[in-house]
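K.L.:
The file below is protein.txt, compact mmCIF, C-alpha atoms:
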```txt
# COMPACT_ATOMS: atom_id res chain seq x y z
CA MET A 1 0.00 0.00 0.00
CA ASN A 2 2.81 2.43 0.90
CA ASN A 3 4.45 1.68 -2.45
CA LEU A 4 1.26 2.59 -4.31
CA LYS A 5 0.97 5.79 -2.30
CA ALA A 6 4.52 6.70 -3.29
CA GLN A 7 3.76 5.90 -6.94
CA PHE A 8 0.62 8.04 -6.84
CA GLU A 9 2.60 10.91 -5.32
CA GLY A 10 5.22 10.45 -8.06
CA PHE A 11 2.55 10.76 -10.73
CA TYR A 12 0.80 13.68 -9.03
CA ASN A 13 4.05 15.62 -8.52
CA THR A 14 5.44 15.03 -12.02
CA PRO A 15 5.24 18.42 -13.76
CA ALA A 16 3.26 19.04 -16.93
CA LEU A 17 5.55 18.98 -19.97
CA PHE A 18 4.06 22.22 -21.34
CA GLU A 19 1.20 24.69 -20.92
CA THR A 20 0.33 24.90 -24.63
CA LEU A 21 2.25 23.18 -27.42
CA ASN A 22 1.16 22.76 -31.07
CA ASP A 23 -2.20 24.26 -30.01
CA ILE A 24 -2.72 21.51 -27.44
CA ARG A 25 -3.71 22.82 -24.02
CA GLN A 26 -2.79 21.26 -20.71
CA PHE A 27 -5.15 19.85 -18.10
CA GLU A 28 -5.32 22.06 -15.00
CA PHE A 29 -4.29 20.29 -11.81
CA GLU A 30 -5.44 21.81 -8.55
CA ALA A 31 -4.15 20.95 -5.10
CA ILE A 32 -5.80 18.00 -3.37
CA GLU A 33 -5.45 16.44 0.05
CA TYR A 34 -3.95 13.03 -0.61
CA LYS A 35 -1.41 12.37 2.15
CA LYS A 36 -4.03 10.84 4.48
CA HIS A 37 -5.95 9.09 1.71
CA ASP A 38 -6.80 5.42 2.28
CA TYR A 39 -5.07 3.35 -0.41
CA ALA A 40 -6.24 0.00 0.99
CA LYS A 41 -8.66 -0.60 -1.91
CA PHE A 42 -6.27 0.78 -4.50
CA GLU A 43 -5.11 -2.38 -6.29
CA ILE A 44 -2.78 -2.37 -9.27
CA LEU A 45 -1.15 -5.42 -10.80
CA GLN A 46 2.62 -5.31 -10.45
CA LYS A 47 3.17 -5.88 -14.19
CA LEU A 48 0.64 -3.32 -15.39
CA PRO A 49 2.26 -1.16 -18.11
CA LEU A 50 3.11 2.44 -17.27
CA GLY A 51 0.36 3.95 -19.44
CA LYS A 52 -2.38 1.85 -17.82
CA ARG A 53 -0.90 2.35 -14.36
CA VAL A 54 -1.10 6.15 -14.57
CA GLU A 55 -4.73 5.88 -15.71
CA TYR A 56 -5.51 4.51 -12.25
CA PHE A 57 -3.59 7.36 -10.65
CA PHE A 58 -5.35 10.01 -12.74
CA GLU A 59 -8.75 8.52 -11.92
CA GLU A 60 -7.80 8.54 -8.23
CA TYR A 61 -6.88 12.22 -8.53
CA ILE A 62 -10.30 12.98 -10.06
CA LYS A 63 -12.03 11.19 -7.16
CA LEU A 64 -10.11 13.35 -4.67
CA SER A 65 -10.75 16.56 -6.60
CA ASN A 66 -13.53 18.98 -5.70
CA ARG A 67 -13.43 20.53 -9.16
CA TYR A 68 -13.90 17.58 -11.54
CA ASN A 69 -16.46 14.81 -11.94
CA LEU A 70 -15.66 11.61 -13.84
CA ILE A 71 -18.26 10.99 -16.57
CA TYR A 72 -16.63 8.33 -18.80
CA LYS A 73 -13.28 6.59 -18.99
CA ASN A 74 -11.55 4.32 -21.52
CA ILE A 75 -14.34 4.43 -24.10
CA GLN A 76 -13.50 2.21 -27.08
CA VAL A 77 -15.29 3.31 -30.24
CA ILE A 78 -15.97 0.32 -32.51
CA GLU A 79 -17.46 0.27 -36.00
CA ASN A 80 -18.06 -2.96 -37.93
CA LYS A 81 -15.89 -4.84 -35.42
CA ASN A 82 -13.00 -2.42 -36.06
CA THR A 83 -11.75 -0.21 -33.24
CA LEU A 84 -11.66 3.40 -34.40
CA GLY A 85 -9.89 4.51 -31.24
CA GLU A 86 -10.29 5.12 -27.54
CA LEU A 87 -11.29 8.17 -25.49
CA ASP A 88 -9.29 8.27 -22.26
CA PHE A 89 -11.44 10.45 -19.99
CA ILE A 90 -14.59 12.55 -20.22
CA LEU A 91 -14.90 14.83 -17.19
CA PHE A 92 -17.11 17.67 -16.07
CA ASP A 93 -15.33 20.79 -14.87
CA LYS A 94 -17.48 22.46 -12.22
CA LYS A 95 -15.35 25.60 -12.34
CA THR A 96 -15.84 26.31 -16.06
CA GLN A 97 -19.11 24.36 -16.46
CA LEU A 98 -17.58 22.57 -19.43
CA TYR A 99 -17.18 18.92 -20.31
CA LEU A 100 -13.54 17.97 -20.75
CA HIS A 101 -12.16 15.39 -23.13
CA THR A 102 -8.77 14.69 -21.56
CA GLU A 103 -6.16 12.43 -23.12
CA LEU A 104 -3.66 11.15 -20.58
CA VAL A 105 0.03 10.93 -21.50
CA TYR A 106 2.97 10.02 -19.25
CA LYS A 107 6.35 9.70 -20.95
CA PHE A 108 10.10 9.34 -20.50
CA TYR A 109 12.03 11.09 -23.26
CA LEU A 110 15.73 11.27 -24.09
CA TYR A 111 16.86 14.53 -25.66
CA ASP A 112 18.70 13.92 -28.97
CA ASN A 113 20.41 17.09 -30.17
CA SER A 114 21.32 15.57 -33.55
CA PHE A 115 18.01 16.91 -34.94
CA ASN A 116 17.82 20.45 -36.28
CA GLU A 117 14.51 21.42 -34.64
CA GLU A 118 13.87 21.04 -30.93
CA ILE A 119 10.40 19.55 -31.41
CA ASN A 120 12.04 16.48 -33.03
CA ARG A 121 14.58 15.94 -30.24
CA TYR A 122 12.43 14.25 -27.60
CA ILE A 123 12.79 10.52 -28.24
CA GLY A 124 11.00 7.60 -26.57
CA PRO A 125 11.58 3.82 -26.55
CA ASN A 126 13.03 2.21 -29.69
CA ARG A 127 13.33 5.71 -31.21
CA ASP A 128 9.81 5.23 -32.54
CA ASP A 129 7.85 6.91 -29.74
CA THR A 130 8.56 10.65 -30.01
CA LEU A 131 6.99 13.80 -28.61
CA LEU A 132 6.21 15.08 -32.11
CA LYS A 133 4.44 11.84 -33.11
CA LYS A 134 2.37 11.90 -29.93
CA LEU A 135 1.30 15.51 -30.48
CA GLU A 136 0.31 14.71 -34.06
CA LYS A 137 -1.65 11.65 -32.95
CA LEU A 138 -3.54 13.73 -30.41
CA LYS A 139 -4.48 16.37 -32.99
CA THR A 140 -5.26 14.13 -35.95
CA LYS A 141 -6.71 10.97 -34.34
CA GLN A 142 -7.54 11.12 -30.65
CA PHE A 143 -9.23 14.52 -30.42
CA PRO A 144 -11.23 14.19 -33.69
CA LEU A 145 -12.56 10.80 -32.52
CA LEU A 146 -14.86 12.58 -30.06
CA PHE A 147 -16.83 14.14 -32.92
CA LYS A 148 -17.19 11.10 -35.15
CA GLU A 149 -20.77 10.01 -35.76
CA LYS A 150 -20.14 6.53 -34.35
CA THR A 151 -18.91 7.99 -31.04
CA LYS A 152 -22.43 9.29 -30.31
CA ASN A 153 -23.44 5.67 -29.65
CA TYR A 154 -20.99 5.50 -26.73
CA ILE A 155 -21.26 8.84 -24.93
CA ASP A 156 -24.05 11.25 -24.15
CA ILE A 157 -22.72 14.78 -23.56
CA ASP A 158 -23.25 18.21 -25.09
CA LEU A 159 -20.54 18.33 -27.76
CA LYS A 160 -21.05 22.07 -28.11
CA ASN A 161 -20.00 22.46 -24.50
CA VAL A 162 -16.77 20.45 -24.51
CA PHE A 163 -13.11 21.43 -24.22
CA GLN A 164 -10.28 19.11 -25.28
CA ASN A 165 -6.92 18.96 -23.56
CA SER A 166 -4.16 16.59 -22.52
CA CYS A 167 -2.76 15.67 -19.16
CA PHE A 168 0.77 15.41 -20.54
CA LYS A 169 3.37 14.65 -17.89
CA ALA A 170 6.94 13.69 -18.74
CA ASN A 171 10.48 13.12 -17.49
CA ILE A 172 13.26 14.46 -19.72
CA PHE A 173 16.87 13.27 -19.75
CA LEU A 174 19.54 15.40 -21.45
CA PRO A 175 22.76 14.09 -23.03
CA TYR A 176 25.59 13.84 -20.53
CA LYS A 177 27.75 16.97 -20.31
CA LYS A 178 26.31 18.45 -23.50
CA ASP A 179 25.32 22.10 -23.69
CA VAL A 180 21.70 22.01 -24.85
CA LYS A 181 18.98 24.64 -24.74
CA THR A 182 15.31 23.79 -24.30
CA SER A 183 12.64 26.39 -25.02
CA LEU A 184 9.52 24.33 -25.78
CA ILE A 185 9.17 22.40 -22.55
CA ASN A 186 8.80 22.97 -18.84
CA LYS A 187 12.37 22.79 -17.51
CA SER A 188 11.07 21.27 -14.28
CA CYS A 189 10.58 18.07 -16.29
CA ILE A 190 14.35 17.66 -16.74
CA LYS A 191 15.23 14.86 -14.33
CA GLY A 192 18.74 13.78 -15.28
CA PHE A 193 21.05 12.80 -18.11
CA HIS A 194 21.58 9.89 -20.46
CA ILE A 195 24.72 8.34 -21.90
CA ASN A 196 25.31 5.46 -24.29
CA ILE A 197 27.08 2.29 -23.18
CA ILE A 198 30.26 2.97 -25.15
CA GLU A 199 30.83 6.35 -23.51
CA PHE A 200 29.77 4.99 -20.14
CA LEU A 201 32.42 2.26 -20.20
CA LYS A 202 35.15 4.67 -21.30
CA LEU A 203 34.65 7.45 -18.76
CA PRO A 204 36.62 6.99 -15.52
CA GLU A 205 34.19 8.96 -13.33
CA PHE A 206 31.63 6.13 -13.47
CA LYS A 207 33.98 3.27 -12.56
CA GLU A 208 34.15 4.00 -8.83
CA TYR A 209 30.42 3.40 -8.30
CA LYS A 210 28.21 0.37 -7.84
CA TYR A 211 24.84 0.25 -9.62
CA PHE A 212 21.36 -0.99 -8.85
CA LEU A 213 18.70 -1.84 -11.44
CA PRO A 214 15.24 -1.05 -9.99
CA HIS A 215 12.33 -3.47 -10.35
```
In structure tokens, what does this structure look like?
P.N.:
Amino acid sequence: MNNLKAQFEGFYNTPALFETLNDIRQFEFEAIEYKKHDYAKFEILQKLPLGKRVEYFFEEYIKLSNRYNLIYKNIQVIENKNTLGELDFILFDKKTQLYLHTELVYKFYLYDNSFNEEINRYIGPNRDDTLLKKLEKLKTKQFPLLFKEKTKNYIDIDLKNVFQNSCFKANIFLPYKKDVKTSLINKSCIKGFHINIIEFLKLPEFKEYKYFLPH
């Protein structure tokens, strides 16, 4: 239970990667009282992937919030047995009196300064998952899905009274001892550095330490 509490706090305290980027707005977190929250019924499988794990944490945040109500979550839109996509969360914002379509994103990115433009430099696993690709997917696939005709069979909200945003949290790692400048992202998301194995084995400053691989 204590481990889950620490993981929830880690999610909650991870900064938003940006306020607005590529016309995508950020979900507004407000302070909640979570330190005395009872996590006894908060069960997550140990092997649950990161993306699914943070969905539980975000939902828990909504439950503790006085501002938001959870309306729908994880709505799969299917047409002729084909999945058109999934809506992460539909909320109601009592402060603005708007429905929110919020797509949840939690990422670890390495900064690769070999690219000319900064927007291309945030690289995820296998060099296939990038910040730019995720932003494009949000704008061209995930947000438009809400307004498809088939989606009306799955949700019942006033689509003229809805605001779309992302809860986009991330941890950024810069190249070791490289002078890089970041202007697009929240610098609070920078959590450390990365280095490839060849450089790591060559540099003497790393040889005096012992290392631990977390679970």
K.L.:
Between A:Leu138, A:Leu174, A:Leu131, A:Val105, single out the one closest to Pro15 of chain A, counting all atoms listed in the file.
P.N.:
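Of A:Leu138, A:Leu174, A:Leu131, A:Val105, the one nearest Pro15 of chain A is A:Val105, counting all atoms listed in the file.
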K.L.:
Of the candidates A:Glu55, A:Asn116, A:Tyr154, A:Leu48, which shows the shortest atom-to-atom distance to Glu79 of chain A, using only C-alpha atoms?
P.N.:
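Result for the nearest residue to Glu79 of chain A: A:Tyr154.
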K.L.:
Given all atoms listed in the file as the basis, pick out the residue of A:Asn69, A:Asn80, A:Thr20, A:Thr102 nearest to Phe163 of chain A.
P.N.:
A:Thr102
K.L.:
Of the candidates A:Phe200, A:Phe173, A:Phe212, A:Tyr56, which shows the shortest atom-to-atom distance to Ser188 of chain A, using only C-alpha atoms?
P.N.:
A:Phe173
K.L.:
Take atom CA of Asn22 of chain A and atom CA of Pro144 of chain A and report the distance between them in Å, one decimal.
P.N.:
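Computed distance, atom CA of Asn22 of chain A to atom CA of Pro144 of chain A, equals 15.3 Å.
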K.L.:
Compare A:Ile119, A:Phe89, A:Asn3, A:Ile172 by their minimum atom-to-atom distance to Glu136 of chain A, counting all atoms listed in the file, and give me the closest one.
P.N.:
A:Ile119
K.L.:
Between A:Glu19, A:Asp88, A:Glu103, A:Glu9, which has the minimum distance to Glu60 of chain A (counting all atoms listed in the file)?
P.N.:
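Among A:Glu19, A:Asp88, A:Glu103, A:Glu9, it is A:Glu9 that comes nearest to Glu60 of chain A.
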K.L.:
Please compute the atom CA of Leu203 of chain A-atom CA of Ser114 of chain A distance, one decimal, in Å.
P.N.:
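Going from atom CA of Leu203 of chain A over to atom CA of Ser114 of chain A covers 21.5 Å.
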K.L.:
Go ahead and compute the interatomic distance for atom CA of Phe143 of chain A and atom CA of Arg127 of chain A, in Å to one decimal.
P.N.:
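Separating atom CA of Phe143 of chain A from atom CA of Arg127 of chain A is a distance of 24.2 Å.
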K.L.:
Would you mind listing what lies within 12 Å of Ser183 of chain A as a compact mmCIF listing (two decimals) with C-alpha atoms, in the frame of the given file, with only C-alpha atoms counted and same-chain residues fewer than 6 positions away left out?
P.N.:
```
# COMPACT_ATOMS: atom_id res chain seq x y z
CA LEU A 17 5.55 18.98 -19.97
CA PHE A 18 4.06 22.22 -21.34
CA LEU A 21 2.25 23.18 -27.42
CA GLU A 117 14.51 21.42 -34.64
CA GLU A 118 13.87 21.04 -30.93
CA ILE A 119 10.40 19.55 -31.41
CA ARG A 121 14.58 15.94 -30.24
```
K.L.:
With all atoms listed in the file counted and 10 Å as the cut-off, give the residues of segment 55-126 of chain A in contact with segment 23-40 of chain A, each with its shortest interatomic distance in Å and the pair that gives it, as CSV.
P.N.:
```
residue,atom,partner,partner_atom,distance
A:Glu60,CA,A:Tyr34,CA,9.6
A:Tyr61,CA,A:Ile32,CA,7.8
A:Ile62,CA,A:Ile32,CA,9.5
A:Lys63,CA,A:Ile32,CA,10.0
A:Leu64,CA,A:Ile32,CA,6.5
A:Ser65,CA,A:Ile32,CA,6.1
A:Asn66,CA,A:Ile32,CA,8.1
A:Arg67,CA,A:Glu30,CA,8.1
A:Tyr68,CA,A:Glu30,CA,9.9
A:Leu100,CA,A:Phe27,CA,9.0
A:His101,CA,A:Phe27,CA,9.7
A:Thr102,CA,A:Phe27,CA,7.2
A:Glu103,CA,A:Phe27,CA,9.0
A:Leu104,CA,A:Phe27,CA,9.2
```
K.L.:
Skip Glu86 of chain A itself and residues of its chain fewer than 2 positions away, then list as a ChimeraX atom specification all residues within 8 Å of it, counting only C-alpha atoms.
P.N.:
/A:74-77,83-84,88,142,145
K.L.:
Please check which residues have atoms at most 9 Å from (-15.3, 20.7, -18.9) in the file's coordinates, counting all atoms listed in the file, and write them as a PDB file with C-alpha atoms, keeping the file's coordinate frame.
P.N.:
```
ATOM      1  CA  TYR A  68     -13.900  17.580 -11.540  1.00  0.00           C
ATOM      2  CA  ILE A  90     -14.590  12.550 -20.220  1.00  0.00           C
ATOM      3  CA  LEU A  91     -14.900  14.830 -17.190  1.00  0.00           C
ATOM      4  CA  PHE A  92     -17.110  17.670 -16.070  1.00  0.00           C
ATOM      5  CA  ASP A  93     -15.330  20.790 -14.870  1.00  0.00           C
ATOM      6  CA  LYS A  94     -17.480  22.460 -12.220  1.00  0.00           C
ATOM      7  CA  LYS A  95     -15.350  25.600 -12.340  1.00  0.00           C
ATOM      8  CA  THR A  96     -15.840  26.310 -16.060  1.00  0.00           C
ATOM      9  CA  GLN A  97     -19.110  24.360 -16.460  1.00  0.00           C
ATOM     10  CA  LEU A  98     -17.580  22.570 -19.430  1.00  0.00           C
ATOM     11  CA  TYR A  99     -17.180  18.920 -20.310  1.00  0.00           C
ATOM     12  CA  LEU A 100     -13.540  17.970 -20.750  1.00  0.00           C
ATOM     13  CA  HIS A 101     -12.160  15.390 -23.130  1.00  0.00           C
ATOM     14  CA  ASN A 161     -20.000  22.460 -24.500  1.00  0.00           C
ATOM     15  CA  VAL A 162     -16.770  20.450 -24.510  1.00  0.00           C
ATOM     16  CA  PHE A 163     -13.110  21.430 -24.220  1.00  0.00           C
ATOM     17  CA  GLN A 164     -10.280  19.110 -25.280  1.00  0.00           C
TER      18      GLN A 164
END
```
K.L.:
Show which residues sit within 12 Å of His194 of chain A, as a tab-separated table (two decimals) with C-alpha atoms, in the frame of the given file. Count all atoms listed in the file, and ignore same-chain residues fewer than 6 positions away.
P.N.:
```tsv
chain	number	residue	atom	x	y	z
A	108	PHE	CA	10.10	9.34	-20.50
A	109	TYR	CA	12.03	11.09	-23.26
A	110	LEU	CA	15.73	11.27	-24.09
A	111	TYR	CA	16.86	14.53	-25.66
A	112	ASP	CA	18.70	13.92	-28.97
A	123	ILE	CA	12.79	10.52	-28.24
A	171	ASN	CA	10.48	13.12	-17.49
A	172	ILE	CA	13.26	14.46	-19.72
A	173	PHE	CA	16.87	13.27	-19.75
A	174	LEU	CA	19.54	15.40	-21.45
A	175	PRO	CA	22.76	14.09	-23.03
A	176	TYR	CA	25.59	13.84	-20.53
A	177	LYS	CA	27.75	16.97	-20.31
A	178	LYS	CA	26.31	18.45	-23.50
A	200	PHE	CA	29.77	4.99	-20.14
```
